[in-house]
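Data block below; observations after.
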Number of protein chains: 2
Amino acid sequence: MHVDTTGRLRRQLAFLGEIDRLKLVLRRTPVADGSRQENSAEHSWHLAVAAVVLAEHAAPDVAVERALQMVVVHDLVEIDAGDTFAYDAAANLGRVEREILAAERLFGMLPDDQREVFRALWDEFEAGETPVARFAIALDRLQPLLVNDLANGGSWRAHGVSRAQVLARMRPIERAIPALWPLVLEIVDRNCERGHIMVETR
Amino acid sequence: MHVDTTGRLRRQLAFLGEIDRLKLVLRRTPVADGSRQENSAEHSWHLAVAAVVLAEHAAPDVAVERALQMVVVHDLVEIDAGDTFAYDAAANLGRVEREILAAERLFGMLPDDQREVFRALWDEFEAGETPVARFAIALDRLQPLLVNDLANGGSWRAHGVSRAQVLARMRPIERAIPALWPLVLEIVDRNCERGHIMVETR
């Protein structure tokens with residue numbers, strides 16, 4: 001039992017109010033109808049439903065509960081650090097340092113034990129070494145593939161992303177959700193044919 | 001083992017593409033900085049993080065995994081049926097029928113076994129009779145309280161909602177997360193004092 005339940009609750013509600021700002025962090029990917037950019041909060045929700053739907057294709061030792069917790073928490077650091085476009089190498093310099101400071105501030109709003117729980121979820125996602133983290137990362141790669149495909153190429157077309165870049169980005173799906181890989185290739189090839197993904201000439 | 005894994009995956013990806021539309025369903029509540037209305041996808045994400053943070057205050061038989069699954073699925077029917085403002089009695093006529101049709105269409109996009117899983121999650125939420133559904137409903141009431149409080153009264157002020165209406169709407173929190181009730185009353189009273197919630201005169 002916690003002695004000061006009301007004190008804990010005040011910290012927890014302050015944290016829940018603060019994280020509302022994730023709804024204001026815009027990603028490069030659009031929503032599927034192409035009408036606007038998507039934000040990191042609705043992106044995180046999309047990953048959570050995907051985790052429920054696709055869990056049967058993950059490795060048998062992936063706990064769905066931990067995957068769900070991980071995907072809804074994984075982008076919170078963007079509240080301070082911003083979303084970094086995956087295909088922009090320069091913008092990715094210093095990303096880790098900015099995100100660590102963000103994790104310390106944001107998760108530090110929670111009671112100490114929960115700060116550790118949230119930090120451990122985020123660290124595990126970032127390290128990408130456990131089956132559940134690999135599954136969560138695969139979902140985080142799959143979701144922009146689905147919305148870009150529906151939105152006529154979305155951020156691929158807007159930024160001239162190449163087939164090799166997309167395939168390198170999608171590669172974690174092959175290991176974490178192997179049954180999905182042929183469909184990923186099918187979507188990538190369709191978007192190459194449509195001119196939405198650049199095909200390299202040699 | 002499923003024989004036609006690729007066929008299952010095609011249905012699952014089509015469903016994940018279709019539900020992107022929840023990002024376009026606007027609620028009456030604003031985001032916390034008041035800059036725009038929030039949508040039902042980011043709202044659902046907010047509930048998911050709240051479920052992780054506040055689970056310790058729920059009844060001991062609330063399984064966090066099921067609560068997480070329930071909150072990320074609970075608003076999907078709004079893709080067809082729209083969001084219905086809680087304080088608009090007329091708009092709530094026919095809501096249940098519209099939402100049942102939506103559930104049949106949307107969950108029917110999934111493989112049959114998953115259609116049943118999603119339908120059961122939504123039915124359980126709507127019935128509100130199990131501890132986990134009561135916890136999920138309490139979070140669904142708490143979240144707009146938090147954003148309205150941060151956004152200078154938000155939908156309460158915009159629509160002239162009264163203290164009695166807000167308290168009736170918040171009442172499920174008292175049973176599902178009793179430790180939180182004094183803080184709910186504190187937030188409601190603060191917003192009455194500020195004129196953001198109408199105080200009835202007798």
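Going through the structure tokens in order, the chains are called A, B, and so on, while each chain numbers its residues from 1 and the ligands are numbered from 1 in the order shown.
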Practice item. Could the residues of chain A within 8 Å of chain B, counting only C-alpha atoms, be given as a count of residues only, please? Key: 37
Mind fitting chain B to chain A by least squares on all Cα atoms in order and giving back the moved coordinates as a JSON list (two decimals) with C-alpha atoms, in the first residue's frame?
```json
[["chain", "number", "residue", "atom", "x", "y", "z"],
["B", 1, "MET", "CA", -0.08, -0.04, 0.00],
["B", 2, "HIS", "CA", 1.06, 3.47, -0.77],
["B", 3, "VAL", "CA", 0.79, 5.83, 2.16],
["B", 4, "ASP", "CA", 0.20, 9.03, 0.22],
["B", 5, "THR", "CA", -2.25, 7.88, -2.45],
["B", 6, "THR", "CA", -3.51, 11.39, -3.16],
["B", 7, "GLY", "CA", 0.05, 12.65, -3.65],
["B", 8, "ARG", "CA", 0.70, 9.82, -6.12],
["B", 9, "LEU", "CA", -2.52, 10.59, -7.96],
["B", 10, "ARG", "CA", -1.63, 14.28, -8.26],
["B", 11, "ARG", "CA", 1.67, 13.36, -9.92],
["B", 12, "GLN", "CA", -0.03, 10.83, -12.16],
["B", 13, "LEU", "CA", -2.71, 13.30, -13.29],
["B", 14, "ALA", "CA", -0.07, 16.00, -13.92],
["B", 15, "PHE", "CA", 1.81, 13.51, -16.12],
["B", 16, "LEU", "CA", -1.38, 12.57, -18.00],
["B", 17, "GLY", "CA", -2.05, 16.26, -18.60],
["B", 18, "GLU", "CA", 1.50, 16.91, -19.81],
["B", 19, "ILE", "CA", 1.57, 14.05, -22.30],
["B", 20, "ASP", "CA", -1.44, 15.54, -24.11],
["B", 21, "ARG", "CA", 1.24, 17.48, -26.00],
["B", 22, "LEU", "CA", 2.13, 14.35, -28.00],
["B", 23, "LYS", "CA", -1.03, 15.16, -30.00],
["B", 24, "LEU", "CA", 0.78, 18.29, -31.25],
["B", 25, "VAL", "CA", 3.91, 16.49, -32.51],
["B", 26, "LEU", "CA", 3.53, 16.10, -36.27],
["B", 27, "ARG", "CA", 5.09, 13.27, -38.24],
["B", 28, "ARG", "CA", 6.11, 13.31, -41.90],
["B", 29, "THR", "CA", 3.56, 10.63, -42.74],
["B", 30, "PRO", "CA", 0.01, 11.72, -43.58],
["B", 31, "VAL", "CA", -3.25, 10.21, -42.39],
["B", 32, "ALA", "CA", -4.47, 7.65, -44.90],
["B", 33, "ASP", "CA", -6.81, 10.01, -46.77],
["B", 34, "GLY", "CA", -3.89, 12.39, -47.30],
["B", 35, "SER", "CA", -5.76, 15.37, -45.83],
["B", 36, "ARG", "CA", -3.12, 16.26, -43.21],
["B", 37, "GLN", "CA", 0.01, 15.03, -41.44],
["B", 38, "GLU", "CA", -0.55, 12.52, -38.68],
["B", 39, "ASN", "CA", 0.56, 13.20, -35.11],
["B", 40, "SER", "CA", 2.52, 10.92, -32.82],
["B", 41, "ALA", "CA", -0.37, 10.29, -30.42],
["B", 42, "GLU", "CA", -2.73, 8.91, -33.06],
["B", 43, "HIS", "CA", 0.22, 7.03, -34.61],
["B", 44, "SER", "CA", 0.83, 5.37, -31.22],
["B", 45, "TRP", "CA", -2.85, 4.38, -31.02],
["B", 46, "HIS", "CA", -2.62, 2.85, -34.49],
["B", 47, "LEU", "CA", 0.35, 0.72, -33.36],
["B", 48, "ALA", "CA", -1.62, -0.45, -30.32],
["B", 49, "VAL", "CA", -4.49, -1.80, -32.42],
["B", 50, "ALA", "CA", -1.95, -3.32, -34.80],
["B", 51, "ALA", "CA", -0.31, -5.07, -31.83],
["B", 52, "VAL", "CA", -3.62, -6.70, -30.90],
["B", 53, "VAL", "CA", -4.45, -7.68, -34.49],
["B", 54, "LEU", "CA", -1.00, -8.99, -35.47],
["B", 55, "ALA", "CA", 0.20, -10.58, -32.22],
["B", 56, "GLU", "CA", -0.58, -14.06, -33.55],
["B", 57, "HIS", "CA", 2.18, -13.63, -36.15],
["B", 58, "ALA", "CA", 4.86, -12.57, -33.62],
["B", 59, "ALA", "CA", 7.31, -14.87, -31.87],
["B", 60, "PRO", "CA", 5.54, -17.06, -29.27],
["B", 61, "ASP", "CA", 7.38, -15.38, -26.38],
["B", 62, "VAL", "CA", 6.01, -11.90, -27.17],
["B", 63, "ALA", "CA", 3.72, -10.80, -24.33],
["B", 64, "VAL", "CA", 0.94, -8.70, -25.88],
["B", 65, "GLU", "CA", 0.47, -6.67, -22.70],
["B", 66, "ARG", "CA", 4.09, -5.50, -22.71],
["B", 67, "ALA", "CA", 3.96, -4.80, -26.44],
["B", 68, "LEU", "CA", 0.87, -2.64, -25.87],
["B", 69, "GLN", "CA", 2.50, -0.74, -23.03],
["B", 70, "MET", "CA", 5.63, -0.25, -25.12],
["B", 71, "VAL", "CA", 3.92, 1.12, -28.23],
["B", 72, "VAL", "CA", 1.76, 3.63, -26.34],
["B", 73, "VAL", "CA", 4.85, 4.92, -24.46],
["B", 74, "HIS", "CA", 7.55, 4.68, -27.16],
["B", 75, "ASP", "CA", 7.10, 8.16, -28.69],
["B", 76, "LEU", "CA", 6.49, 10.21, -25.52],
["B", 77, "VAL", "CA", 10.05, 11.61, -25.62],
["B", 78, "GLU", "CA", 9.07, 13.43, -28.83],
["B", 79, "ILE", "CA", 7.13, 15.91, -26.68],
["B", 80, "ASP", "CA", 10.47, 17.56, -25.91],
["B", 81, "ALA", "CA", 12.73, 16.11, -28.62],
["B", 82, "GLY", "CA", 10.39, 16.32, -31.63],
["B", 83, "ASP", "CA", 9.79, 13.70, -34.28],
["B", 84, "THR", "CA", 12.90, 12.96, -36.34],
["B", 85, "PHE", "CA", 12.28, 11.94, -39.97],
["B", 86, "ALA", "CA", 13.72, 8.46, -40.38],
["B", 87, "TYR", "CA", 15.22, 9.24, -43.80],
["B", 88, "ASP", "CA", 17.00, 12.45, -42.68],
["B", 89, "ALA", "CA", 20.48, 11.44, -41.49],
["B", 90, "ALA", "CA", 21.52, 14.96, -40.44],
["B", 91, "ALA", "CA", 18.43, 15.45, -38.27],
["B", 92, "ASN", "CA", 19.21, 12.18, -36.52],
["B", 93, "LEU", "CA", 22.49, 13.55, -35.12],
["B", 94, "GLY", "CA", 22.02, 14.23, -31.41],
["B", 95, "ARG", "CA", 18.61, 12.57, -31.44],
["B", 96, "VAL", "CA", 19.53, 10.06, -28.72],
["B", 97, "GLU", "CA", 20.86, 12.74, -26.36],
["B", 98, "ARG", "CA", 17.76, 14.92, -26.84],
["B", 99, "GLU", "CA", 15.48, 11.97, -26.21],
["B", 100, "ILE", "CA", 17.28, 10.86, -23.04],
["B", 101, "LEU", "CA", 16.84, 14.34, -21.54],
["B", 102, "ALA", "CA", 13.18, 14.20, -22.53],
["B", 103, "ALA", "CA", 12.74, 10.79, -20.90],
["B", 104, "GLU", "CA", 14.29, 12.06, -17.67],
["B", 105, "ARG", "CA", 12.03, 15.08, -17.51],
["B", 106, "LEU", "CA", 8.77, 13.44, -18.58],
["B", 107, "PHE", "CA", 9.00, 10.12, -16.77],
["B", 108, "GLY", "CA", 10.39, 12.05, -13.78],
["B", 109, "MET", "CA", 6.93, 13.59, -13.36],
["B", 110, "LEU", "CA", 5.64, 10.17, -12.28],
["B", 111, "PRO", "CA", 6.10, 8.56, -8.83],
["B", 112, "ASP", "CA", 9.62, 7.06, -8.65],
["B", 113, "ASP", "CA", 8.58, 3.43, -9.16],
["B", 114, "GLN", "CA", 6.53, 4.29, -12.24],
["B", 115, "ARG", "CA", 9.32, 6.49, -13.60],
["B", 116, "GLU", "CA", 11.46, 3.34, -13.62],
["B", 117, "VAL", "CA", 8.73, 1.27, -15.29],
["B", 118, "PHE", "CA", 8.24, 3.81, -18.09],
["B", 119, "ARG", "CA", 11.97, 4.30, -18.54],
["B", 120, "ALA", "CA", 12.50, 0.54, -18.77],
["B", 121, "LEU", "CA", 9.78, 0.24, -21.43],
["B", 122, "TRP", "CA", 11.35, 3.02, -23.49],
["B", 123, "ASP", "CA", 14.93, 1.74, -23.03],
["B", 124, "GLU", "CA", 13.85, -1.74, -24.09],
["B", 125, "PHE", "CA", 12.17, -0.36, -27.21],
["B", 126, "GLU", "CA", 15.21, 1.75, -28.12],
["B", 127, "ALA", "CA", 17.63, -1.15, -27.60],
["B", 128, "GLY", "CA", 15.47, -3.41, -29.76],
["B", 129, "GLU", "CA", 17.03, -6.59, -28.45],
["B", 130, "THR", "CA", 14.10, -8.47, -26.90],
["B", 131, "PRO", "CA", 11.36, -10.26, -28.86],
["B", 132, "VAL", "CA", 8.73, -7.81, -27.63],
["B", 133, "ALA", "CA", 10.83, -4.77, -28.59],
["B", 134, "ARG", "CA", 11.47, -6.28, -32.01],
["B", 135, "PHE", "CA", 7.74, -6.78, -32.49],
["B", 136, "ALA", "CA", 7.00, -3.18, -31.39],
["B", 137, "ILE", "CA", 9.67, -1.83, -33.74],
["B", 138, "ALA", "CA", 8.25, -3.88, -36.61],
["B", 139, "LEU", "CA", 4.80, -2.34, -35.99],
["B", 140, "ASP", "CA", 6.40, 1.12, -35.88],
["B", 141, "ARG", "CA", 7.85, 0.46, -39.36],
["B", 142, "LEU", "CA", 4.71, -1.20, -40.78],
["B", 143, "GLN", "CA", 2.26, 1.58, -39.84],
["B", 144, "PRO", "CA", 3.85, 4.31, -42.01],
["B", 145, "LEU", "CA", 4.06, 1.76, -44.86],
["B", 146, "LEU", "CA", 0.29, 1.26, -44.64],
["B", 147, "VAL", "CA", -0.61, 4.96, -44.49],
["B", 148, "ASN", "CA", 1.87, 5.98, -47.20],
["B", 149, "ASP", "CA", 0.48, 3.23, -49.43],
["B", 150, "LEU", "CA", -3.10, 4.48, -48.89],
["B", 151, "ALA", "CA", -2.11, 8.15, -49.25],
["B", 152, "ASN", "CA", -0.62, 7.85, -52.76],
["B", 153, "GLY", "CA", 2.95, 7.58, -51.56],
["B", 154, "GLY", "CA", 2.74, 10.09, -48.70],
["B", 155, "SER", "CA", 6.15, 10.92, -47.23],
["B", 156, "TRP", "CA", 8.00, 8.67, -49.72],
["B", 157, "ARG", "CA", 6.82, 10.72, -52.65],
["B", 158, "ALA", "CA", 7.09, 14.07, -50.87],
["B", 159, "HIS", "CA", 10.74, 13.44, -49.96],
["B", 160, "GLY", "CA", 11.95, 11.32, -52.88],
["B", 161, "VAL", "CA", 12.70, 8.24, -50.81],
["B", 162, "SER", "CA", 14.27, 5.29, -52.65],
["B", 163, "ARG", "CA", 13.35, 1.61, -52.73],
["B", 164, "ALA", "CA", 16.63, 0.72, -51.01],
["B", 165, "GLN", "CA", 15.90, 3.19, -48.21],
["B", 166, "VAL", "CA", 12.38, 1.88, -47.69],
["B", 167, "LEU", "CA", 13.51, -1.75, -47.68],
["B", 168, "ALA", "CA", 16.29, -1.01, -45.17],
["B", 169, "ARG", "CA", 13.74, 0.76, -42.96],
["B", 170, "MET", "CA", 11.23, -2.14, -43.23],
["B", 171, "ARG", "CA", 13.81, -4.88, -42.62],
["B", 172, "PRO", "CA", 12.93, -5.36, -38.88],
["B", 173, "ILE", "CA", 9.52, -6.64, -40.02],
["B", 174, "GLU", "CA", 11.17, -9.58, -41.77],
["B", 175, "ARG", "CA", 12.61, -10.92, -38.50],
["B", 176, "ALA", "CA", 9.80, -10.00, -36.06],
["B", 177, "ILE", "CA", 6.75, -10.82, -38.24],
["B", 178, "PRO", "CA", 8.19, -13.04, -40.98],
["B", 179, "ALA", "CA", 4.79, -14.03, -42.42],
["B", 180, "LEU", "CA", 4.24, -10.36, -43.25],
["B", 181, "TRP", "CA", 7.40, -9.86, -45.30],
["B", 182, "PRO", "CA", 6.01, -10.98, -48.69],
["B", 183, "LEU", "CA", 3.14, -8.50, -48.29],
["B", 184, "VAL", "CA", 5.60, -5.72, -47.39],
["B", 185, "LEU", "CA", 7.53, -6.43, -50.59],
["B", 186, "GLU", "CA", 4.26, -6.44, -52.54],
["B", 187, "ILE", "CA", 3.34, -2.99, -51.16],
["B", 188, "VAL", "CA", 6.83, -1.61, -51.83],
["B", 189, "ASP", "CA", 6.86, -2.95, -55.40],
["B", 190, "ARG", "CA", 3.38, -1.54, -56.09],
["B", 191, "ASN", "CA", 4.56, 1.89, -54.96],
["B", 192, "CYS", "CA", 7.69, 1.62, -57.11],
["B", 193, "GLU", "CA", 5.56, 0.84, -60.14],
["B", 194, "ARG", "CA", 3.34, 3.83, -59.40],
["B", 195, "GLY", "CA", 6.36, 6.10, -59.07],
["B", 196, "HIS", "CA", 5.69, 6.76, -55.36],
["B", 197, "ILE", "CA", 9.00, 5.20, -54.31],
["B", 198, "MET", "CA", 12.14, 6.05, -56.33],
["B", 199, "VAL", "CA", 13.72, 3.10, -58.10],
["B", 200, "GLU", "CA", 17.51, 3.39, -58.30],
["B", 201, "THR", "CA", 19.16, 3.23, -61.71],
["B", 202, "ARG", "CA", 22.62, 1.73, -61.84]]
```
Review point. Taking the backbone alone, and naming residues the way the document does, which bits of chain B are helix (DSSP H, G or I) by DSSP, as a PyMOL selection string?
Key: chain B and resi 5-24+40-57+64-73+78-81+95-107+112-127+131-150+154-159+163-176+178-193
